[in-house]
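Undergrad: I am attaching a structure below and will ask some questions about it afterwards.
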Amino acid sequence: MAEAPTPKPWIEAIHAYVPGKSTGADGRPLIKLSANENPLGCSAHALAARAAAPERYPDPDSTALRTAIAAVHGLDPARVVMGTGSDELLNLAAQGYAGVGDEVLFSRFSFSVYDIAARRCGAVPVVAPDADFGADVDALLALVSERTRVVFIANPNNPTGSFLPKGDIARLHAALPADVLLVVDQAYAEYLAAADDDGALALAEAHGNVLVTRTFSKIYGLAGERIGWATGAPDLIATLNRIRGPFNVSNTGQAMALAAVADQAFVTHARDHNRAERARFVAALEALGNHGLRPLPSEANFVLILFGGALSAETAYNGLAERGYIVRWLPGQGLGQALRITIGTAPQMDEIAAALREMAETAK
């Protein structure tokens with residue numbers, strides 16, 4: 001057409017988010033270990049709640065769900081806001097506090113949505129160097145400028161599995177100007193042991209410039225319902241409430257999440273399963289170190305494996321697909337030498353470990 005609307009240049013610069021695949025190149029369905037979903041599914045109580053959800057406009061404030069979340073985490077329900085997945089809340093944090101000419105700061109090899117969130121509101125994404133594929137507090141602080149408005153930290157980090165302990169998160173926050181928003185993305189926090197709390201929820205309760213986001217997509221197994229939540233100071237929550245979508249969490253989502261929150265026994269079971277199977281899988285990978293495979297330390301429900309020998313990540317990715325598994329190969333994030341593999345069931349992890357061993361031993 002001779003004339004057409006022109007998008008803003010910062011929108012044209014966005015590379016759309018690429019989700020984990022569920023089929024092979026030939027369209028054949030594969031066992032999906034590419035999206036960090038819970039292999040145990042979700043709570044049976046959540047499934048039962050789905051059938052009873054009414055077909056009408058949902059509570060726009062998700063009141064019962066916010067109250068339940070606050071009770072589990074010792075929060076004020078008025079300081080909790082719900083989102084269409086935590087992705088919506090991450091984008092709203094950037095939109096609410098950054099704009100054209102501002103900077104949004106995050107680490108290399110962190111969640112790809114941060115770059116999108118920055119560009120979506122016209123801000124400049126600033127990427128700090130990593131420390132062995134994890135966040136480096138000093139590198140982040142070195143790049144804080146008068147234009148910095150938002151700092152994103154994923155903890156545990158996706159896609160590398162690294163984790164910043166409480167002291168590092170506190171040090172990062174203490175060194176930031178009061179007008180810079182620190183967003184701690186805790187999508188995988190429920191996989192941590194209680195002793196490994198990074199202190200971000202306490203910081204969000206005590207300070208006006210800390211927002212913590214979480215999701216029901218991971219340990220709760222409700223990825224299809226798109227439910228996330230955030231907590232922070234009243235002014236932060238008010239800002240997100242002004243710009244979030246109305247009725248952004250469906251009746252079905254609210255009902256299932258409410259039942260899932262009440263079933264903390266399922267959460268404990270999923271955490272224990274993940275810890276045990278991740279340890280077994282990592283041990284199997286470490287036994288392949290002489291073939292150049294290196295699993296990075298992970299506190300999440302996945303392991304990022306570096307391939308430094310004759311077997312390449314791309315070859316392993318294709319080989320696993322031939323054997324019925326789809327995992328995550330991330331050359332677009334500068335990780336062409338790595339695969340991120342979600343922790344699945346025990347038989348699945350045994351099969352993948354055996355397949356990697358076979359491929360590594362025969363690679364030339």
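In the structure tokens, each chain is lettered A, B, ... as it comes, each chain's residues begin at 1, and ligands are numbered from 1 in order of appearance.
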Find the residues around Pro29 in chain A up to 10 Å (only C-alpha atoms counted), leave out those fewer than 3 positions away in its own chain, and share them as a ChimeraX atom specification.
TA: /A:21-26,32,321,324-326
Undergrad: Next, write the just-selected residues to a file, as a compact mmCIF listing (two decimals), in the first residue's frame, keeping N, CA, C and O atoms as the atom set.
TA:
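Output (out.txt):
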# COMPACT_ATOMS: atom_id res chain seq x y z
N LYS A 21 9.67 -24.57 21.94
CA LYS A 21 8.90 -25.35 20.98
C LYS A 21 8.34 -26.61 21.62
O LYS A 21 8.83 -27.08 22.65
N SER A 22 7.31 -27.17 20.98
CA SER A 22 6.72 -28.42 21.46
C SER A 22 6.66 -29.47 20.36
O SER A 22 6.18 -30.58 20.59
N THR A 23 7.13 -29.13 19.17
CA THR A 23 7.14 -30.08 18.06
C THR A 23 8.49 -30.06 17.38
O THR A 23 9.24 -29.09 17.47
N GLY A 24 8.79 -31.13 16.66
CA GLY A 24 10.02 -31.19 15.89
C GLY A 24 9.89 -30.47 14.57
O GLY A 24 8.83 -29.91 14.24
N ALA A 25 10.97 -30.45 13.79
CA ALA A 25 10.96 -29.76 12.50
C ALA A 25 9.92 -30.33 11.55
O ALA A 25 9.41 -29.63 10.67
N ASP A 26 9.57 -31.61 11.75
CA ASP A 26 8.58 -32.25 10.88
C ASP A 26 7.17 -32.14 11.43
O ASP A 26 6.24 -32.74 10.89
N LYS A 32 8.10 -32.20 25.82
CA LYS A 32 8.52 -30.80 25.90
C LYS A 32 9.28 -30.51 27.20
O LYS A 32 8.67 -30.40 28.28
N ALA A 321 15.94 -34.30 19.67
CA ALA A 321 14.67 -34.21 18.94
C ALA A 321 14.38 -35.52 18.20
O ALA A 321 13.24 -36.00 18.18
N GLY A 324 12.86 -37.90 20.46
CA GLY A 324 11.53 -37.58 20.99
C GLY A 324 11.47 -36.45 22.00
O GLY A 324 10.41 -36.24 22.60
N TYR A 325 12.58 -35.71 22.17
CA TYR A 325 12.61 -34.65 23.18
C TYR A 325 12.92 -33.29 22.55
O TYR A 325 13.80 -33.18 21.70
N ILE A 326 12.19 -32.27 22.99
CA ILE A 326 12.52 -30.91 22.58
C ILE A 326 13.04 -30.16 23.80
O ILE A 326 12.42 -30.14 24.86
Undergrad: Counting only C-alpha atoms, which residues of range 160-218 of chain A fall within 12 Å of range 48-70 of chain A, and what is the closest atom pair for each with its distance in Å at one decimal, ordered by chain and rising number, as a Markdown table?
TA:
| residue | atom | partner | partner_atom | distance |
| --- | --- | --- | --- | --- |
| A:Leu201 | CA | A:Ala70 | CA | 11.3 |
| A:Glu205 | CA | A:Ala70 | CA | 12.0 |
| A:Arg214 | CA | A:Ile69 | CA | 10.6 |
| A:Thr215 | CA | A:Ile69 | CA | 11.2 |
| A:Phe216 | CA | A:Ile69 | CA | 11.0 |
Undergrad: Mind checking DSSP for range 15-51 of chain A and telling me the helix (DSSP H, G or I) residues as number ranges by chain?
TA: A: 44-51
Undergrad: With N, CA and C atoms retained, export the selected residues as a PDB file, in the first residue's frame.
TA:
ATOM      1  N   ALA A  44      -4.233 -31.414  42.107  1.00  0.00           N
ATOM      2  CA  ALA A  44      -5.538 -31.988  41.764  1.00  0.00           C
ATOM      3  C   ALA A  44      -6.662 -31.067  42.192  1.00  0.00           C
ATOM      4  N   HIS A  45      -6.451 -30.320  43.263  1.00  0.00           N
ATOM      5  CA  HIS A  45      -7.471 -29.362  43.724  1.00  0.00           C
ATOM      6  C   HIS A  45      -7.654 -28.231  42.713  1.00  0.00           C
ATOM      7  N   ALA A  46      -6.565 -27.833  42.067  1.00  0.00           N
ATOM      8  CA  ALA A  46      -6.666 -26.795  41.039  1.00  0.00           C
ATOM      9  C   ALA A  46      -7.454 -27.301  39.842  1.00  0.00           C
ATOM     10  N   LEU A  47      -7.225 -28.548  39.455  1.00  0.00           N
ATOM     11  CA  LEU A  47      -7.992 -29.120  38.339  1.00  0.00           C
ATOM     12  C   LEU A  47      -9.469 -29.186  38.667  1.00  0.00           C
ATOM     13  N   ALA A  48      -9.796 -29.543  39.896  1.00  0.00           N
ATOM     14  CA  ALA A  48     -11.199 -29.609  40.303  1.00  0.00           C
ATOM     15  C   ALA A  48     -11.829 -28.222  40.294  1.00  0.00           C
ATOM     16  N   ALA A  49     -11.050 -27.208  40.689  1.00  0.00           N
ATOM     17  CA  ALA A  49     -11.581 -25.849  40.734  1.00  0.00           C
ATOM     18  C   ALA A  49     -11.879 -25.309  39.347  1.00  0.00           C
ATOM     19  N   ARG A  50     -11.137 -25.784  38.354  1.00  0.00           N
ATOM     20  CA  ARG A  50     -11.353 -25.293  36.993  1.00  0.00           C
ATOM     21  C   ARG A  50     -12.773 -25.567  36.507  1.00  0.00           C
ATOM     22  N   ALA A  51     -13.290 -26.734  36.820  1.00  0.00           N
ATOM     23  CA  ALA A  51     -14.621 -27.113  36.330  1.00  0.00           C
ATOM     24  C   ALA A  51     -15.720 -26.272  36.955  1.00  0.00           C
TER      25      ALA A  51
END
Undergrad: Restricting the calculation to only C-alpha atoms: of A:Ser112, A:Thr239, A:Thr345, A:Asn251, which residue gets closest to Val127 in chain A?
TA: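 Comparing A:Ser112, A:Thr239, A:Thr345, A:Asn251 against Val127 in chain A, the winner is A:Ser112.
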Undergrad: Go through range 165-263 of chain A and collect every residue that DSSP, computed from the backbone, puts in strand (DSSP E or B); the answer should be as an MDAnalysis selection string.
TA: chainID A and resid 181:185 210:215 228:231
Undergrad: Write out as a ChimeraX atom specification which residues come within 10 Å of Arg271 in chain A when counting only C-alpha atoms, dropping same-chain ones fewer than 2 positions away.
TA: /A:38,190-193,219,265-269,273-276,300-301
Undergrad: State, in Å with one decimal place, the distance from CA of Asn155 in chain A to CA of Gln186 in chain A.
TA: 5.4 Å
Undergrad: For range 3-10 of chain A, work out the shell of residues within 12 Å, counting only C-alpha atoms and skipping chain neighbours fewer than 5 positions away, then give it as a PyMOL selection string.
TA: chain A and resi 15+99-101+115-125
Undergrad: Quick one: pull the distance between CA of Ala98 in chain A and CA of Lys218 in chain A, Å, one decimal.
TA: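 For CA of Ala98 in chain A relative to CA of Lys218 in chain A, the distance reads 28.0 Å.
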Undergrad: Hey, which of A:Ala195, A:Leu143, A:Leu90, A:Leu356 ends up closest to Ala230 in chain A? Count only C-alpha atoms.
TA: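 Of A:Ala195, A:Leu143, A:Leu90, A:Leu356, the one nearest Ala230 in chain A, counting only C-alpha atoms, is A:Leu90.
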Undergrad: Can you measure CA of Gly292 in chain A to CA of Arg280 in chain A for me? One decimal in Å is fine.
TA: 18.6 Å
Undergrad: Using only C-alpha atoms, find the one residue out of A:Arg323, A:Arg294, A:His173, A:Lys364 that sits nearest to Leu339 in chain A.
TA: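 Among the listed residues, the smallest separation from Leu339 in chain A belongs to A:Arg294.
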Undergrad: Just checking: using only C-alpha atoms, which residue out of A:Ala94, A:Val183, A:Val113, A:Ala178 ends up closest to Glu146 in chain A?
TA: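 Ranking A:Ala94, A:Val183, A:Val113, A:Ala178 by distance to Glu146 in chain A, first place goes to A:Ala178.
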Undergrad: Compile the contact shell of Ile237 in chain A as a compact mmCIF listing (two decimals) with all heavy atoms, in the first residue's frame: residues with an atom at most 12 Å away, counting only C-alpha atoms, same-chain residues fewer than 3 positions apart removed.
TA:
# COMPACT_ATOMS: atom_id res chain seq x y z
N ASP A 61 -10.16 -7.27 40.67
CA ASP A 61 -9.07 -7.09 41.63
C ASP A 61 -8.54 -8.40 42.19
O ASP A 61 -7.63 -8.39 43.03
CB ASP A 61 -9.56 -6.20 42.79
CG ASP A 61 -9.93 -4.81 42.32
OD1 ASP A 61 -9.18 -4.25 41.50
OD2 ASP A 61 -10.96 -4.28 42.78
N ASP A 76 0.77 -7.85 53.03
CA ASP A 76 -0.47 -7.08 53.06
C ASP A 76 -1.16 -7.28 51.71
O ASP A 76 -0.58 -6.95 50.67
CB ASP A 76 -0.14 -5.61 53.29
CG ASP A 76 -1.37 -4.71 53.28
OD1 ASP A 76 -2.49 -5.22 53.03
OD2 ASP A 76 -1.20 -3.50 53.51
N PRO A 77 -2.40 -7.80 51.69
CA PRO A 77 -3.07 -8.01 50.40
C PRO A 77 -3.18 -6.75 49.56
O PRO A 77 -3.19 -6.82 48.32
CB PRO A 77 -4.46 -8.53 50.80
CG PRO A 77 -4.29 -9.07 52.18
CD PRO A 77 -3.22 -8.23 52.82
N ALA A 78 -3.25 -5.59 50.20
CA ALA A 78 -3.35 -4.33 49.47
C ALA A 78 -2.07 -4.03 48.70
O ALA A 78 -2.07 -3.19 47.79
CB ALA A 78 -3.67 -3.19 50.42
N ARG A 79 -0.98 -4.74 49.05
CA ARG A 79 0.30 -4.52 48.37
C ARG A 79 0.62 -5.65 47.41
O ARG A 79 1.77 -5.90 47.08
CB ARG A 79 1.41 -4.37 49.41
CG ARG A 79 1.22 -3.10 50.25
CD ARG A 79 2.26 -2.95 51.33
NE ARG A 79 3.61 -2.81 50.79
CZ ARG A 79 4.62 -2.23 51.44
NH1 ARG A 79 4.44 -1.73 52.65
NH2 ARG A 79 5.81 -2.16 50.89
N VAL A 80 -0.42 -6.33 46.94
CA VAL A 80 -0.28 -7.38 45.94
C VAL A 80 -1.12 -7.02 44.73
O VAL A 80 -2.27 -6.58 44.86
CB VAL A 80 -0.73 -8.75 46.49
CG1 VAL A 80 -0.68 -9.83 45.41
CG2 VAL A 80 0.13 -9.16 47.68
N VAL A 81 -0.55 -7.18 43.53
CA VAL A 81 -1.27 -6.93 42.29
C VAL A 81 -1.12 -8.16 41.40
O VAL A 81 -0.06 -8.78 41.37
CB VAL A 81 -0.76 -5.66 41.57
CG1 VAL A 81 0.72 -5.75 41.26
CG2 VAL A 81 -1.56 -5.39 40.30
N MET A 82 -2.19 -8.51 40.70
CA MET A 82 -2.17 -9.68 39.84
C MET A 82 -1.91 -9.27 38.39
O MET A 82 -2.26 -8.17 37.96
CB MET A 82 -3.49 -10.44 39.92
CG MET A 82 -3.90 -10.88 41.31
SD MET A 82 -2.65 -11.86 42.19
CE MET A 82 -2.45 -13.24 41.04
N GLY A 83 -1.30 -10.19 37.64
CA GLY A 83 -1.02 -9.93 36.24
C GLY A 83 -1.32 -11.14 35.38
O GLY A 83 -1.50 -12.26 35.87
N LEU A 89 3.42 -8.00 34.30
CA LEU A 89 3.89 -7.13 35.37
C LEU A 89 5.30 -6.60 35.10
O LEU A 89 5.60 -5.45 35.43
CB LEU A 89 3.83 -7.89 36.70
CG LEU A 89 2.42 -8.34 37.07
CD1 LEU A 89 2.47 -9.37 38.19
CD2 LEU A 89 1.55 -7.15 37.46
N LEU A 92 4.80 -3.86 32.65
CA LEU A 92 4.18 -2.71 33.28
C LEU A 92 5.16 -1.95 34.16
O LEU A 92 5.09 -0.72 34.27
CB LEU A 92 2.97 -3.15 34.11
CG LEU A 92 1.77 -3.71 33.34
CD1 LEU A 92 0.67 -4.11 34.30
CD2 LEU A 92 1.26 -2.72 32.30
N ALA A 93 6.08 -2.66 34.80
CA ALA A 93 7.08 -1.98 35.62
C ALA A 93 7.93 -1.04 34.77
O ALA A 93 8.20 0.10 35.16
CB ALA A 93 7.96 -3.02 36.32
N GLY A 96 5.66 1.85 33.51
CA GLY A 96 5.28 2.80 34.54
C GLY A 96 6.40 3.73 34.96
O GLY A 96 6.14 4.84 35.43
N ALA A 204 11.07 -5.34 49.57
CA ALA A 204 9.88 -4.73 48.95
C ALA A 204 8.92 -4.20 50.00
O ALA A 204 8.20 -3.22 49.77
CB ALA A 204 9.18 -5.76 48.06
N GLU A 205 8.90 -4.86 51.16
CA GLU A 205 8.03 -4.40 52.24
C GLU A 205 8.58 -3.14 52.91
O GLU A 205 7.82 -2.28 53.35
CB GLU A 205 7.86 -5.51 53.28
CG GLU A 205 6.89 -5.17 54.39
CD GLU A 205 6.66 -6.33 55.34
OE1 GLU A 205 7.35 -7.36 55.21
OE2 GLU A 205 5.77 -6.21 56.21
N GLY A 208 10.51 1.80 49.13
CA GLY A 208 9.57 2.26 48.11
C GLY A 208 10.00 2.00 46.69
O GLY A 208 9.27 2.35 45.75
N ASN A 209 11.18 1.41 46.48
CA ASN A 209 11.69 1.24 45.11
C ASN A 209 12.04 -0.21 44.79
O ASN A 209 12.93 -0.46 43.97
CB ASN A 209 12.89 2.16 44.87
CG ASN A 209 14.10 1.76 45.71
OD1 ASN A 209 13.97 1.16 46.76
ND2 ASN A 209 15.29 2.12 45.21
N VAL A 210 11.36 -1.17 45.42
CA VAL A 210 11.60 -2.59 45.14
C VAL A 210 10.27 -3.25 44.80
O VAL A 210 9.30 -3.17 45.57
CB VAL A 210 12.25 -3.33 46.32
CG1 VAL A 210 12.48 -4.80 45.97
CG2 VAL A 210 13.56 -2.66 46.71
N LEU A 211 10.24 -3.91 43.66
CA LEU A 211 9.08 -4.68 43.23
C LEU A 211 9.52 -6.13 43.04
O LEU A 211 10.53 -6.39 42.39
CB LEU A 211 8.52 -4.14 41.91
CG LEU A 211 7.23 -4.77 41.41
CD1 LEU A 211 6.03 -4.25 42.22
CD2 LEU A 211 7.01 -4.47 39.92
N VAL A 212 8.78 -7.06 43.60
CA VAL A 212 9.06 -8.48 43.45
C VAL A 212 7.94 -9.11 42.64
O VAL A 212 6.76 -8.89 42.93
CB VAL A 212 9.18 -9.19 44.81
CG1 VAL A 212 9.36 -10.70 44.62
CG2 VAL A 212 10.33 -8.62 45.61
N THR A 213 8.29 -9.87 41.61
CA THR A 213 7.28 -10.54 40.79
C THR A 213 7.43 -12.05 40.93
O THR A 213 8.53 -12.58 41.08
CB THR A 213 7.42 -10.17 39.30
OG1 THR A 213 8.67 -10.63 38.80
CG2 THR A 213 7.31 -8.67 39.10
N TRP A 229 1.93 -12.46 39.90
CA TRP A 229 1.63 -11.45 40.92
C TRP A 229 2.89 -10.69 41.29
O TRP A 229 4.01 -11.13 41.02
CB TRP A 229 0.98 -12.06 42.16
CG TRP A 229 1.78 -13.08 42.92
CD1 TRP A 229 1.84 -14.42 42.68
CD2 TRP A 229 2.59 -12.86 44.09
NE1 TRP A 229 2.64 -15.05 43.61
CE2 TRP A 229 3.11 -14.12 44.49
CE3 TRP A 229 2.92 -11.73 44.83
CZ2 TRP A 229 3.95 -14.28 45.60
CZ3 TRP A 229 3.76 -11.87 45.95
CH2 TRP A 229 4.26 -13.14 46.31
N ALA A 230 2.68 -9.53 41.86
CA ALA A 230 3.80 -8.69 42.29
C ALA A 230 3.46 -8.04 43.60
O ALA A 230 2.28 -7.85 43.94
CB ALA A 230 4.13 -7.63 41.24
N THR A 231 4.49 -7.70 44.35
CA THR A 231 4.30 -6.97 45.60
C THR A 231 5.34 -5.87 45.72
O THR A 231 6.47 -6.01 45.21
CB THR A 231 4.36 -7.91 46.82
OG1 THR A 231 4.03 -7.19 48.00
CG2 THR A 231 5.74 -8.53 46.98
N GLY A 232 4.94 -4.79 46.37
CA GLY A 232 5.83 -3.66 46.56
C GLY A 232 5.13 -2.59 47.35
O GLY A 232 4.04 -2.81 47.92
N ALA A 233 5.72 -1.42 47.40
CA ALA A 233 5.14 -0.30 48.14
C ALA A 233 3.79 0.11 47.54
O ALA A 233 3.53 -0.11 46.36
CB ALA A 233 6.12 0.88 48.11
N PRO A 234 2.92 0.70 48.34
CA PRO A 234 1.59 1.09 47.84
C PRO A 234 1.64 1.91 46.57
O PRO A 234 0.82 1.71 45.67
CB PRO A 234 0.99 1.87 49.01
CG PRO A 234 1.64 1.27 50.22
CD PRO A 234 3.05 0.95 49.80
N LEU A 240 0.94 0.14 38.89
CA LEU A 240 0.65 -1.03 38.07
C LEU A 240 -0.84 -1.23 37.90
O LEU A 240 -1.31 -1.63 36.82
CB LEU A 240 1.29 -2.28 38.68
CG LEU A 240 2.81 -2.27 38.83
CD1 LEU A 240 3.32 -3.67 39.18
CD2 LEU A 240 3.51 -1.78 37.58
N ASN A 241 -1.62 -0.94 38.94
CA ASN A 241 -3.07 -1.09 38.83
C ASN A 241 -3.67 -0.09 37.84
O ASN A 241 -4.68 -0.38 37.19
CB ASN A 241 -3.73 -0.91 40.20
CG ASN A 241 -3.81 -2.21 40.98
OD1 ASN A 241 -4.12 -3.26 40.42
ND2 ASN A 241 -3.54 -2.15 42.28
N ARG A 242 -3.05 1.06 37.69
CA ARG A 242 -3.56 2.05 36.74
C ARG A 242 -3.43 1.57 35.30
O ARG A 242 -4.26 1.92 34.44
CB ARG A 242 -2.80 3.38 36.88
CG ARG A 242 -3.12 4.17 38.13
CD ARG A 242 -2.45 5.54 38.08
NE ARG A 242 -2.66 6.25 39.33
CZ ARG A 242 -1.76 6.33 40.31
NH1 ARG A 242 -0.58 5.74 40.15
NH2 ARG A 242 -2.02 6.98 41.41
N ILE A 243 -2.38 0.81 35.01
CA ILE A 243 -2.09 0.50 33.61
C ILE A 243 -2.24 -0.98 33.25
O ILE A 243 -2.09 -1.35 32.08
CB ILE A 243 -0.67 0.98 33.22
CG1 ILE A 243 0.40 0.39 34.16
CG2 ILE A 243 -0.61 2.50 33.25
CD1 ILE A 243 1.83 0.80 33.79
N ARG A 244 -2.53 -1.83 34.21
CA ARG A 244 -2.74 -3.25 33.88
C ARG A 244 -4.06 -3.42 33.14
O ARG A 244 -4.94 -2.54 33.17
CB ARG A 244 -2.72 -4.11 35.14
CG ARG A 244 -3.91 -3.89 36.07
CD ARG A 244 -3.86 -4.87 37.24
NE ARG A 244 -4.87 -4.57 38.24
CZ ARG A 244 -6.13 -4.99 38.20
NH1 ARG A 244 -6.53 -5.73 37.17
NH2 ARG A 244 -6.98 -4.68 39.15
